[in-house]
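The file run14.pdb contains PDB, C-alpha atoms:
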```pdb
ATOM      1  CA  MET F 718      38.813 -10.650  36.274
ATOM      2  CA  HIS F 719      37.852 -11.437  39.854
ATOM      3  CA  PRO F 720      39.301 -14.788  41.069
ATOM      4  CA  PHE F 721      35.790 -16.037  41.966
ATOM      5  CA  PHE F 722      34.154 -14.844  38.731
ATOM      6  CA  GLN F 723      33.957 -18.222  36.993
ATOM      7  CA  GLU F 724      32.882 -19.965  40.182
ATOM      8  CA  LEU F 725      30.012 -17.512  40.680
ATOM      9  CA  LYS F 726      29.052 -17.690  36.998
ATOM     10  CA  GLN F 727      28.921 -21.503  37.029
ATOM     11  CA  GLY F 728      26.969 -21.515  40.291
ATOM     12  CA  SER F 729      24.420 -19.029  38.972
ATOM     13  CA  LEU F 730      23.989 -21.058  35.765
ATOM     14  CA  LYS F 731      23.289 -24.157  37.875
ATOM     15  CA  LEU F 732      20.529 -22.121  39.551
ATOM     16  CA  GLY F 733      19.026 -21.442  36.119
ATOM     17  CA  LEU F 734      20.132 -17.801  36.097
ATOM     18  CA  GLU F 735      21.744 -16.062  33.150
ATOM     19  CA  LEU F 736      23.266 -13.070  34.899
ATOM     20  CA  THR F 737      25.228 -10.482  32.933
ATOM     21  CA  ASP F 738      28.959 -10.169  33.504
ATOM     22  CA  GLU F 739      28.235  -6.735  34.978
ATOM     23  CA  ALA F 740      25.845  -8.232  37.553
ATOM     24  CA  LEU F 741      28.371 -10.932  38.474
ATOM     25  CA  GLU F 742      31.104  -8.321  38.943
ATOM     26  CA  LEU F 743      28.780  -6.215  41.122
ATOM     27  CA  LEU F 744      27.996  -9.225  43.294
ATOM     28  CA  LEU F 745      31.699  -9.896  43.773
ATOM     29  CA  ARG F 746      32.367  -6.234  44.594
ATOM     30  CA  TYR F 747      29.653  -6.531  47.227
ATOM     31  CA  GLN F 748      31.264  -9.662  48.650
ATOM     32  CA  ASP F 749      34.693  -7.997  48.688
ATOM     33  CA  ALA F 750      33.240  -5.026  50.581
ATOM     34  CA  LEU F 751      31.536  -7.396  53.022
ATOM     35  CA  VAL F 752      34.835  -9.223  53.656
ATOM     36  CA  LEU F 753      36.654  -5.920  54.214
ATOM     37  CA  TRP F 754      34.090  -4.398  56.589
ATOM     38  CA  ASN F 755      33.655  -7.706  58.388
ATOM     39  CA  LYS F 756      37.204  -7.468  59.726
ATOM     40  CA  SER F 757      36.238  -4.441  61.812
ATOM     41  CA  TYR F 758      32.467  -4.560  62.193
ATOM     42  CA  ASN F 759      31.519  -8.239  62.488
ATOM     43  CA  LEU F 760      28.723  -8.066  59.902
ATOM     44  CA  THR F 761      28.513 -11.826  59.395
ATOM     45  CA  ALA F 762      29.796 -14.895  61.222
ATOM     46  CA  ILE F 763      31.119 -16.292  57.934
ATOM     47  CA  ARG F 764      34.694 -15.108  57.374
ATOM     48  CA  ASP F 765      35.976 -17.227  54.493
ATOM     49  CA  PRO F 766      35.240 -15.666  51.066
ATOM     50  CA  LYS F 767      34.714 -19.084  49.421
ATOM     51  CA  GLU F 768      32.162 -19.968  52.074
ATOM     52  CA  MET F 769      30.515 -16.556  51.648
ATOM     53  CA  LEU F 770      30.186 -17.211  47.921
ATOM     54  CA  VAL F 771      28.050 -20.282  48.637
ATOM     55  CA  LYS F 772      26.232 -19.384  51.857
ATOM     56  CA  HIS F 773      25.556 -15.720  51.057
ATOM     57  CA  LEU F 774      25.677 -15.109  47.295
ATOM     58  CA  LEU F 775      24.458 -18.398  45.825
ATOM     59  CA  ASP F 776      22.030 -18.980  48.704
ATOM     60  CA  SER F 777      20.410 -15.581  48.096
ATOM     61  CA  LEU F 778      20.484 -16.011  44.312
ATOM     62  CA  SER F 779      18.616 -19.314  44.635
ATOM     63  CA  ILE F 780      15.297 -17.502  45.222
ATOM     64  CA  LEU F 781      15.470 -15.177  42.191
ATOM     65  CA  ASN F 782      13.579 -17.361  39.698
ATOM     66  CA  ASP F 783      10.660 -17.805  42.106
ATOM     67  CA  LEU F 784      10.547 -14.286  43.539
ATOM     68  CA  PRO F 785       7.387 -12.324  42.635
ATOM     69  CA  GLN F 786       7.734  -9.008  40.804
ATOM     70  CA  GLY F 787       7.416  -5.577  42.366
ATOM     71  CA  ARG F 788       8.741  -3.250  45.059
ATOM     72  CA  LEU F 789      10.592  -5.265  47.703
ATOM     73  CA  LEU F 790      11.224  -4.906  51.435
ATOM     74  CA  ASP F 791      13.942  -7.026  53.062
ATOM     75  CA  ILE F 792      13.268  -7.193  56.811
ATOM     76  CA  GLY F 793      16.269  -7.907  59.045
ATOM     77  CA  THR F 794      18.595  -7.573  56.068
ATOM     78  CA  GLY F 795      21.770  -7.750  58.193
ATOM     79  CA  GLY F 796      24.685  -7.305  55.820
ATOM     80  CA  GLY F 797      22.268  -7.208  52.866
ATOM     81  CA  MET F 798      21.073 -10.779  52.332
ATOM     82  CA  PRO F 799      19.059 -11.350  50.260
ATOM     83  CA  GLY F 800      17.965  -7.763  49.555
ATOM     84  CA  MET F 801      21.198  -6.262  48.239
ATOM     85  CA  ILE F 802      21.858  -9.310  46.093
ATOM     86  CA  ILE F 803      18.373  -9.030  44.570
ATOM     87  CA  ALA F 804      18.888  -5.307  43.941
ATOM     88  CA  LEU F 805      22.231  -5.854  42.181
ATOM     89  CA  CYS F 806      20.767  -8.503  39.871
ATOM     90  CA  GLN F 807      17.469  -6.716  39.177
ATOM     91  CA  PRO F 808      18.216  -2.987  38.733
ATOM     92  CA  ALA F 809      14.638  -2.298  37.610
ATOM     93  CA  ARG F 810      13.266  -3.446  40.986
ATOM     94  CA  GLN F 811      13.024  -0.932  43.849
ATOM     95  CA  CYS F 812      14.361  -2.443  47.095
ATOM     96  CA  VAL F 813      14.352  -1.257  50.705
ATOM     97  CA  LEU F 814      16.742  -2.974  53.133
ATOM     98  CA  LEU F 815      15.655  -2.659  56.755
ATOM     99  CA  ASP F 816      17.595  -3.482  59.908
ATOM    100  CA  SER F 817      17.922  -2.078  63.431
ATOM    101  CA  ASN F 818      21.701  -2.672  63.544
ATOM    102  CA  GLY F 819      23.533   0.607  62.880
ATOM    103  CA  LYS F 820      26.847  -0.969  61.810
ATOM    104  CA  LYS F 821      25.173  -3.122  59.188
ATOM    105  CA  ILE F 822      23.118  -0.251  57.785
ATOM    106  CA  ARG F 823      26.207   2.003  57.672
ATOM    107  CA  PHE F 824      27.976  -0.650  55.614
ATOM    108  CA  LEU F 825      25.050  -0.901  53.193
ATOM    109  CA  LYS F 826      24.672   2.882  52.865
ATOM    110  CA  GLN F 827      28.378   3.235  52.115
ATOM    111  CA  PHE F 828      28.249   0.484  49.487
ATOM    112  CA  ILE F 829      25.147   2.058  47.880
ATOM    113  CA  ALA F 830      26.906   5.443  47.780
ATOM    114  CA  ASP F 831      30.181   4.043  46.430
ATOM    115  CA  LEU F 832      28.419   2.269  43.557
ATOM    116  CA  LYS F 833      25.837   5.040  43.047
ATOM    117  CA  LEU F 834      23.027   2.479  43.145
ATOM    118  CA  LYS F 835      19.645   4.017  42.288
ATOM    119  CA  ASN F 836      17.235   1.172  43.044
ATOM    120  CA  VAL F 837      18.076   0.374  46.653
ATOM    121  CA  VAL F 838      18.020   2.208  49.997
ATOM    122  CA  ALA F 839      19.054   1.021  53.455
ATOM    123  CA  VAL F 840      17.022   2.104  56.498
ATOM    124  CA  GLN F 841      17.995   1.734  60.147
ATOM    125  CA  THR F 842      14.831   1.147  62.158
ATOM    126  CA  ARG F 843      12.889  -1.447  64.070
ATOM    127  CA  VAL F 844      10.324  -3.180  61.882
ATOM    128  CA  GLU F 845       7.463  -2.286  64.255
ATOM    129  CA  ASN F 846       8.319   1.455  64.305
ATOM    130  CA  GLU F 847       5.116   3.350  63.424
ATOM    131  CA  ASP F 848       6.941   6.215  61.688
ATOM    132  CA  SER F 849       8.829   3.767  59.495
ATOM    133  CA  ILE F 850       5.625   1.949  58.597
ATOM    134  CA  ASN F 851       4.062   5.275  57.544
ATOM    135  CA  ASP F 852       7.170   6.546  55.721
ATOM    136  CA  LEU F 853       8.028   3.386  53.811
ATOM    137  CA  GLY F 854       4.474   2.536  52.719
ATOM    138  CA  GLN F 855       3.396  -0.753  51.173
ATOM    139  CA  PHE F 856       5.385  -3.340  49.257
ATOM    140  CA  ASP F 857       4.564  -6.004  46.671
ATOM    141  CA  VAL F 858       7.092  -8.488  48.089
ATOM    142  CA  ILE F 859       8.469  -8.805  51.616
ATOM    143  CA  THR F 860      11.419 -11.073  52.189
ATOM    144  CA  SER F 861      13.700 -12.190  55.000
ATOM    145  CA  ARG F 862      16.127 -14.921  55.825
ATOM    146  CA  ALA F 863      16.691 -13.637  59.361
ATOM    147  CA  PHE F 864      13.430 -14.471  61.117
ATOM    148  CA  ALA F 865      13.545 -17.614  63.258
ATOM    149  CA  SER F 866       9.758 -17.777  63.474
ATOM    150  CA  LEU F 867       7.537 -17.735  60.395
ATOM    151  CA  THR F 868       4.566 -16.536  62.464
ATOM    152  CA  ASP F 869       6.624 -13.605  63.820
ATOM    153  CA  PHE F 870       7.739 -12.710  60.287
ATOM    154  CA  VAL F 871       4.158 -12.698  59.026
ATOM    155  CA  ALA F 872       3.081 -10.469  61.931
ATOM    156  CA  ALA F 873       5.970  -8.057  61.300
ATOM    157  CA  SER F 874       5.213  -7.930  57.552
ATOM    158  CA  LYS F 875       1.484  -7.214  57.727
ATOM    159  CA  PRO F 876       1.698  -3.416  58.278
ATOM    160  CA  TYR F 877       3.775  -3.132  55.082
ATOM    161  CA  MET F 878       1.388  -5.169  52.925
ATOM    162  CA  HIS F 879      -1.470  -4.423  50.554
ATOM    163  CA  GLU F 880      -4.068  -7.081  49.753
ATOM    164  CA  LYS F 881      -2.020  -8.651  46.934
ATOM    165  CA  SER F 882       1.395  -8.537  48.626
ATOM    166  CA  ILE F 883       3.396 -11.747  48.899
ATOM    167  CA  ILE F 884       5.693 -12.776  51.737
ATOM    168  CA  ALA F 885       8.811 -14.625  50.559
ATOM    169  CA  SER F 886      10.429 -16.320  53.541
ATOM    170  CA  MET F 887      13.771 -18.115  53.171
ATOM    171  CA  LYS F 888      13.994 -21.224  55.327
ATOM    172  CA  GLY F 889      16.169 -24.276  55.787
ATOM    173  CA  LEU F 890      13.738 -26.953  56.921
ATOM    174  CA  VAL F 891      10.034 -26.297  56.347
ATOM    175  CA  PRO F 892       8.445 -25.226  59.675
ATOM    176  CA  THR F 893       5.406 -27.475  59.148
ATOM    177  CA  GLU F 894       3.642 -26.632  62.407
ATOM    178  CA  GLU F 895       3.946 -22.890  61.790
ATOM    179  CA  VAL F 896       2.654 -23.267  58.227
ATOM    180  CA  ASP F 897      -0.313 -25.259  59.562
ATOM    181  CA  ALA F 898      -1.007 -22.582  62.173
ATOM    182  CA  LEU F 899      -1.334 -19.959  59.420
ATOM    183  CA  LYS F 900      -3.406 -21.994  56.936
ATOM    184  CA  ASP F 901      -6.803 -20.450  57.810
ATOM    185  CA  HIS F 902      -5.681 -17.014  56.624
ATOM    186  CA  TRP F 903      -2.668 -17.628  54.395
ATOM    187  CA  GLN F 904      -2.010 -19.701  51.301
ATOM    188  CA  CYS F 905       1.537 -21.067  51.409
ATOM    189  CA  ASP F 906       3.419 -22.349  48.354
ATOM    190  CA  ILE F 907       6.659 -24.154  49.225
ATOM    191  CA  VAL F 908       9.546 -24.138  46.741
ATOM    192  CA  GLU F 909      12.419 -26.555  47.289
ATOM    193  CA  LEU F 910      15.735 -24.886  46.483
ATOM    194  CA  HIS F 911      19.020 -26.502  45.484
ATOM    195  CA  VAL F 912      22.059 -24.333  46.186
ATOM    196  CA  PRO F 913      25.230 -25.499  44.410
ATOM    197  CA  ARG F 914      27.885 -26.878  46.790
ATOM    198  CA  LEU F 915      25.577 -26.550  49.800
ATOM    199  CA  ASP F 916      24.602 -29.850  51.379
ATOM    200  CA  GLU F 917      21.756 -28.417  53.447
ATOM    201  CA  GLN F 918      18.016 -28.133  52.902
ATOM    202  CA  ARG F 919      16.749 -24.807  51.589
ATOM    203  CA  HIS F 920      13.162 -23.740  50.916
ATOM    204  CA  LEU F 921      11.331 -20.595  49.854
ATOM    205  CA  LEU F 922       7.885 -20.131  51.400
ATOM    206  CA  LEU F 923       5.567 -17.867  49.393
ATOM    207  CA  LEU F 924       2.594 -16.679  51.457
ATOM    208  CA  LYS F 925      -0.402 -14.643  50.365
ATOM    209  CA  GLN F 926      -3.486 -13.672  52.313
ATOM    210  CA  ILE F 927      -6.624 -15.670  51.590
TER     211      ILE F 927
END
```
Reformat the file's structure so that it appears as structure tokens.
Amino acid sequence: MHPFFQELKQGSLKLGLELTDEALELLLRYQDALVLWNKSYNLTAIRDPKEMLVKHLLDSLSILNDLPQGRLLDIGTGGGMPGMIIALCQPARQCVLLDSNGKKIRFLKQFIADLKLKNVVAVQTRVENEDSINDLGQFDVITSRAFASLTDFVAASKPYMHEKSIIASMKGLVPTEEVDALKDHWQCDIVELHVPRLDEQRHLLLLKQI
């Protein structure tokens, strides 16, 4: 058994998730791969596996209970957060992980190939690339935890949306002014998240077009 198995299991239970042992093991294999590749490719600033468990795995898992159903696009996925973590826990959901950074996408493609994952693909492109917009099509849910600006994330997401799509933006503090700036065209539901062993504010902003 993986040395962090019980820690991840207890943390996920505190988030109200009942993940299978298989899903927990997959998440830890992902973290192990991230730690290994990080030594050479600098995929994430967090180096310590225990810190990764909280700030990457549990942080990403914290949105699962509130995440809408359907085909998902993770914009600016980086090393795969939260998109890969969602894909590993929800094998019935189709996920596309998008990033312009070649090293990060190479890591994700290798991990997908090694585990023979069927529900997730990694794509190296810029979000505004017209060919990518045409090739990838529309998504039910668009997520990111990489965008500094909520307004920029909404603008980047729009070409990938249909009329019922929902944007799921992971934030620390709620960007109140940006939410107010969008209120004429977007309904925003704010979910307060509580990540075990993380003494920082976390929120999930769910936006849909009015």
Within 8 Å of stretch 828-849 of chain F, which residues of stretch 781-804 of chain F show up? Give each one with its shortest atom-to-atom distance in Å (one decimal) and the two atoms involved, counting only C-alpha atoms, rows by chain then rising residue number, as JSON lines.
```
{"residue": "F:Ile792", "atom": "CA", "partner": "F:Val844", "partner_atom": "CA", "distance": 7.1}
{"residue": "F:Met801", "atom": "CA", "partner": "F:Val837", "partner_atom": "CA", "distance": 7.5}
{"residue": "F:Ala804", "atom": "CA", "partner": "F:Val837", "partner_atom": "CA", "distance": 6.3}
```
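The closest residue to F:Lys731, picked from F:Gln811, F:Gln786, F:Ser779, F:Gln918 and counting only C-alpha atoms, is F:Ser779.
You will find atom CA of F:Leu815 at 6.0 Å from atom CA of F:Asp791.
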- Message: Just want the 9 Å neighbourhood of stretch 922-924 of chain F, counted on all atoms listed in the file, with same-chain residues fewer than 6 positions away dropped. Output as JSON, numbers by chain.
- Response: {"F": [783, 784, 785, 871, 882, 883, 884, 885, 886, 887, 888, 891, 903, 904, 905, 906, 907, 908, 909]}
Deliver the residues from the most recent selection as a file, using C-alpha atoms, as a PDB file, in the coordinates of the input.
```pdb
ATOM      1  CA  ASP F 783      10.660 -17.805  42.106  1.00  0.00           C
ATOM      2  CA  LEU F 784      10.547 -14.286  43.539  1.00  0.00           C
ATOM      3  CA  PRO F 785       7.387 -12.324  42.635  1.00  0.00           C
ATOM      4  CA  VAL F 871       4.158 -12.698  59.026  1.00  0.00           C
ATOM      5  CA  SER F 882       1.395  -8.537  48.626  1.00  0.00           C
ATOM      6  CA  ILE F 883       3.396 -11.747  48.899  1.00  0.00           C
ATOM      7  CA  ILE F 884       5.693 -12.776  51.737  1.00  0.00           C
ATOM      8  CA  ALA F 885       8.811 -14.625  50.559  1.00  0.00           C
ATOM      9  CA  SER F 886      10.429 -16.320  53.541  1.00  0.00           C
ATOM     10  CA  MET F 887      13.771 -18.115  53.171  1.00  0.00           C
ATOM     11  CA  LYS F 888      13.994 -21.224  55.327  1.00  0.00           C
ATOM     12  CA  VAL F 891      10.034 -26.297  56.347  1.00  0.00           C
ATOM     13  CA  TRP F 903      -2.668 -17.628  54.395  1.00  0.00           C
ATOM     14  CA  GLN F 904      -2.010 -19.701  51.301  1.00  0.00           C
ATOM     15  CA  CYS F 905       1.537 -21.067  51.409  1.00  0.00           C
ATOM     16  CA  ASP F 906       3.419 -22.349  48.354  1.00  0.00           C
ATOM     17  CA  ILE F 907       6.659 -24.154  49.225  1.00  0.00           C
ATOM     18  CA  VAL F 908       9.546 -24.138  46.741  1.00  0.00           C
ATOM     19  CA  GLU F 909      12.419 -26.555  47.289  1.00  0.00           C
TER      20      GLU F 909
END
```
- Task: Could you tell me which residues the PyMOL selection byres ((chain F and resi 877-880) around 7) grabs in this file, written as a PyMOL selection string?
- Result: chain F and resi 850+854-856+874-876+881-882
- Note on the structure: Restricting to all atoms listed in the file, whichever of F:Val813, F:Lys821, F:Asp857, F:Ala898 is closest to F:Ser757 is F:Lys821
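Between F:Ile859 and the residues F:Gly787, F:Gly797, F:Pro808, F:Pro913, the shortest atom-to-atom distance, using all atoms listed in the file, involves F:Gly787.
Relative to atom CA of F:Asp852, atom CA of F:Leu744 is found at 28.9 Å.
The two atoms in question, atom CA of F:Gln723 and atom CA of F:Leu789, are spaced 28.8 Å apart.
Closest approach to F:Gln926 among F:Asp901, F:Ser866, F:Arg914, F:Asn851 is made by F:Asp901 (distances from only C-alpha atoms).
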Running the PyMOL selection byres ((chain F and resi 761) around 9) on this model by hand, what would come out? Give it as a short mmCIF file (atom, residue, chain, number, x, y, z; two decimals) with C-alpha atoms, keeping the file's coordinate frame.
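So the final result, stored in expr-v2.cif, reads:
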```cif
data_model
loop_
_atom_site.label_atom_id
_atom_site.label_comp_id
_atom_site.auth_asym_id
_atom_site.auth_seq_id
_atom_site.Cartn_x
_atom_site.Cartn_y
_atom_site.Cartn_z
CA LEU F 751 31.54 -7.40 53.02
CA VAL F 752 34.84 -9.22 53.66
CA ASN F 755 33.66 -7.71 58.39
CA TYR F 758 32.47 -4.56 62.19
CA ASN F 759 31.52 -8.24 62.49
CA LEU F 760 28.72 -8.07 59.90
CA ALA F 762 29.80 -14.90 61.22
CA ILE F 763 31.12 -16.29 57.93
CA ARG F 764 34.69 -15.11 57.37
CA GLY F 795 21.77 -7.75 58.19
CA GLY F 796 24.68 -7.30 55.82
#
```
How would stretch 895-921 of chain F look written as a PDB file, in the first residue's frame with N, CA, C and O atoms?
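Heads up, here's the output in decode.pdb:
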```
ATOM      1  N   GLU F 895     -14.645  41.629  -9.784  1.00  0.00           N
ATOM      2  CA  GLU F 895     -14.760  40.940 -11.075  1.00  0.00           C
ATOM      3  C   GLU F 895     -16.113  40.243 -11.212  1.00  0.00           C
ATOM      4  O   GLU F 895     -16.706  40.234 -12.293  1.00  0.00           O
ATOM      5  N   VAL F 896     -16.596  39.658 -10.125  1.00  0.00           N
ATOM      6  CA  VAL F 896     -17.930  39.039 -10.153  1.00  0.00           C
ATOM      7  C   VAL F 896     -18.984  40.105 -10.443  1.00  0.00           C
ATOM      8  O   VAL F 896     -19.886  39.903 -11.273  1.00  0.00           O
ATOM      9  N   ASP F 897     -18.871  41.257  -9.789  1.00  0.00           N
ATOM     10  CA  ASP F 897     -19.820  42.350 -10.013  1.00  0.00           C
ATOM     11  C   ASP F 897     -19.781  42.837 -11.453  1.00  0.00           C
ATOM     12  O   ASP F 897     -20.824  43.165 -12.046  1.00  0.00           O
ATOM     13  N   ALA F 898     -18.584  42.866 -12.037  1.00  0.00           N
ATOM     14  CA  ALA F 898     -18.437  43.348 -13.412  1.00  0.00           C
ATOM     15  C   ALA F 898     -19.112  42.423 -14.427  1.00  0.00           C
ATOM     16  O   ALA F 898     -19.484  42.850 -15.521  1.00  0.00           O
ATOM     17  N   LEU F 899     -19.307  41.160 -14.034  1.00  0.00           N
ATOM     18  CA  LEU F 899     -19.902  40.180 -14.957  1.00  0.00           C
ATOM     19  C   LEU F 899     -21.406  39.988 -14.747  1.00  0.00           C
ATOM     20  O   LEU F 899     -22.056  39.284 -15.517  1.00  0.00           O
ATOM     21  N   LYS F 900     -21.971  40.620 -13.707  1.00  0.00           N
ATOM     22  CA  LYS F 900     -23.318  40.237 -13.242  1.00  0.00           C
ATOM     23  C   LYS F 900     -24.439  40.527 -14.239  1.00  0.00           C
ATOM     24  O   LYS F 900     -25.501  39.916 -14.148  1.00  0.00           O
ATOM     25  N   ASP F 901     -24.218  41.421 -15.209  1.00  0.00           N
ATOM     26  CA  ASP F 901     -25.276  41.711 -16.189  1.00  0.00           C
ATOM     27  C   ASP F 901     -25.493  40.560 -17.156  1.00  0.00           C
ATOM     28  O   ASP F 901     -26.584  40.421 -17.720  1.00  0.00           O
ATOM     29  N   HIS F 902     -24.465  39.732 -17.352  1.00  0.00           N
ATOM     30  CA  HIS F 902     -24.547  38.666 -18.350  1.00  0.00           C
ATOM     31  C   HIS F 902     -24.317  37.262 -17.779  1.00  0.00           C
ATOM     32  O   HIS F 902     -24.542  36.280 -18.474  1.00  0.00           O
ATOM     33  N   TRP F 903     -23.879  37.195 -16.528  1.00  0.00           N
ATOM     34  CA  TRP F 903     -23.543  35.909 -15.940  1.00  0.00           C
ATOM     35  C   TRP F 903     -24.132  35.780 -14.546  1.00  0.00           C
ATOM     36  O   TRP F 903     -24.029  36.694 -13.750  1.00  0.00           O
ATOM     37  N   GLN F 904     -24.734  34.621 -14.285  1.00  0.00           N
ATOM     38  CA  GLN F 904     -25.145  34.277 -12.928  1.00  0.00           C
ATOM     39  C   GLN F 904     -23.980  33.556 -12.265  1.00  0.00           C
ATOM     40  O   GLN F 904     -23.408  32.623 -12.842  1.00  0.00           O
ATOM     41  N   CYS F 905     -23.615  33.979 -11.071  1.00  0.00           N
ATOM     42  CA  CYS F 905     -22.465  33.387 -10.380  1.00  0.00           C
ATOM     43  C   CYS F 905     -22.888  32.817  -9.032  1.00  0.00           C
ATOM     44  O   CYS F 905     -23.354  33.549  -8.161  1.00  0.00           O
ATOM     45  N   ASP F 906     -22.735  31.502  -8.876  1.00  0.00           N
ATOM     46  CA  ASP F 906     -22.947  30.846  -7.581  1.00  0.00           C
ATOM     47  C   ASP F 906     -21.580  30.598  -6.956  1.00  0.00           C
ATOM     48  O   ASP F 906     -20.680  30.054  -7.612  1.00  0.00           O
ATOM     49  N   ILE F 907     -21.424  30.993  -5.693  1.00  0.00           N
ATOM     50  CA  ILE F 907     -20.134  30.879  -5.014  1.00  0.00           C
ATOM     51  C   ILE F 907     -20.218  29.793  -3.951  1.00  0.00           C
ATOM     52  O   ILE F 907     -21.079  29.830  -3.067  1.00  0.00           O
ATOM     53  N   VAL F 908     -19.334  28.807  -4.065  1.00  0.00           N
ATOM     54  CA  VAL F 908     -19.282  27.687  -3.118  1.00  0.00           C
ATOM     55  C   VAL F 908     -18.027  27.830  -2.266  1.00  0.00           C
ATOM     56  O   VAL F 908     -16.912  27.880  -2.808  1.00  0.00           O
ATOM     57  N   GLU F 909     -18.201  27.888  -0.961  1.00  0.00           N
ATOM     58  CA  GLU F 909     -17.044  27.938  -0.065  1.00  0.00           C
ATOM     59  C   GLU F 909     -16.520  26.523   0.150  1.00  0.00           C
ATOM     60  O   GLU F 909     -17.283  25.612   0.490  1.00  0.00           O
ATOM     61  N   LEU F 910     -15.236  26.337  -0.071  1.00  0.00           N
ATOM     62  CA  LEU F 910     -14.616  25.018   0.048  1.00  0.00           C
ATOM     63  C   LEU F 910     -13.763  24.942   1.312  1.00  0.00           C
ATOM     64  O   LEU F 910     -13.213  25.956   1.754  1.00  0.00           O
ATOM     65  N   HIS F 911     -13.663  23.745   1.859  1.00  0.00           N
ATOM     66  CA  HIS F 911     -12.829  23.536   3.052  1.00  0.00           C
ATOM     67  C   HIS F 911     -11.895  22.354   2.767  1.00  0.00           C
ATOM     68  O   HIS F 911     -12.322  21.199   2.792  1.00  0.00           O
ATOM     69  N   VAL F 912     -10.650  22.666   2.488  1.00  0.00           N
ATOM     70  CA  VAL F 912      -9.665  21.636   2.157  1.00  0.00           C
ATOM     71  C   VAL F 912      -8.965  21.186   3.439  1.00  0.00           C
ATOM     72  O   VAL F 912      -8.397  22.013   4.154  1.00  0.00           O
ATOM     73  N   PRO F 913      -9.008  19.896   3.748  1.00  0.00           N
ATOM     74  CA  PRO F 913      -8.354  19.410   4.965  1.00  0.00           C
ATOM     75  C   PRO F 913      -6.881  19.799   5.016  1.00  0.00           C
ATOM     76  O   PRO F 913      -6.173  19.716   4.019  1.00  0.00           O
ATOM     77  N   ARG F 914      -6.461  20.268   6.196  1.00  0.00           N
ATOM     78  CA  ARG F 914      -5.060  20.639   6.467  1.00  0.00           C
ATOM     79  C   ARG F 914      -4.569  21.832   5.648  1.00  0.00           C
ATOM     80  O   ARG F 914      -3.369  22.060   5.536  1.00  0.00           O
ATOM     81  N   LEU F 915      -5.488  22.591   5.071  1.00  0.00           N
ATOM     82  CA  LEU F 915      -5.090  23.796   4.340  1.00  0.00           C
ATOM     83  C   LEU F 915      -5.746  25.001   5.003  1.00  0.00           C
ATOM     84  O   LEU F 915      -6.968  25.147   4.970  1.00  0.00           O
ATOM     85  N   ASP F 916      -4.933  25.845   5.590  1.00  0.00           N
ATOM     86  CA  ASP F 916      -5.452  27.001   6.320  1.00  0.00           C
ATOM     87  C   ASP F 916      -5.468  28.228   5.400  1.00  0.00           C
ATOM     88  O   ASP F 916      -4.852  29.249   5.686  1.00  0.00           O
ATOM     89  N   GLU F 917      -6.153  28.084   4.289  1.00  0.00           N
ATOM     90  CA  GLU F 917      -6.291  29.171   3.317  1.00  0.00           C
ATOM     91  C   GLU F 917      -7.708  29.137   2.763  1.00  0.00           C
ATOM     92  O   GLU F 917      -8.321  28.074   2.697  1.00  0.00           O
ATOM     93  N   GLN F 918      -8.206  30.293   2.352  1.00  0.00           N
ATOM     94  CA  GLN F 918      -9.546  30.338   1.766  1.00  0.00           C
ATOM     95  C   GLN F 918      -9.549  29.689   0.386  1.00  0.00           C
ATOM     96  O   GLN F 918      -8.613  29.847  -0.383  1.00  0.00           O
ATOM     97  N   ARG F 919     -10.615  28.952   0.109  1.00  0.00           N
ATOM     98  CA  ARG F 919     -10.813  28.345  -1.203  1.00  0.00           C
ATOM     99  C   ARG F 919     -12.280  28.491  -1.585  1.00  0.00           C
ATOM    100  O   ARG F 919     -13.171  28.274  -0.748  1.00  0.00           O
ATOM    101  N   HIS F 920     -12.536  28.838  -2.835  1.00  0.00           N
ATOM    102  CA  HIS F 920     -13.900  28.973  -3.333  1.00  0.00           C
ATOM    103  C   HIS F 920     -13.998  28.406  -4.745  1.00  0.00           C
ATOM    104  O   HIS F 920     -13.022  28.427  -5.497  1.00  0.00           O
ATOM    105  N   LEU F 921     -15.174  27.903  -5.088  1.00  0.00           N
ATOM    106  CA  LEU F 921     -15.496  27.513  -6.445  1.00  0.00           C
ATOM    107  C   LEU F 921     -16.573  28.438  -6.958  1.00  0.00           C
ATOM    108  O   LEU F 921     -17.633  28.583  -6.338  1.00  0.00           O
TER     109      LEU F 921
END
```
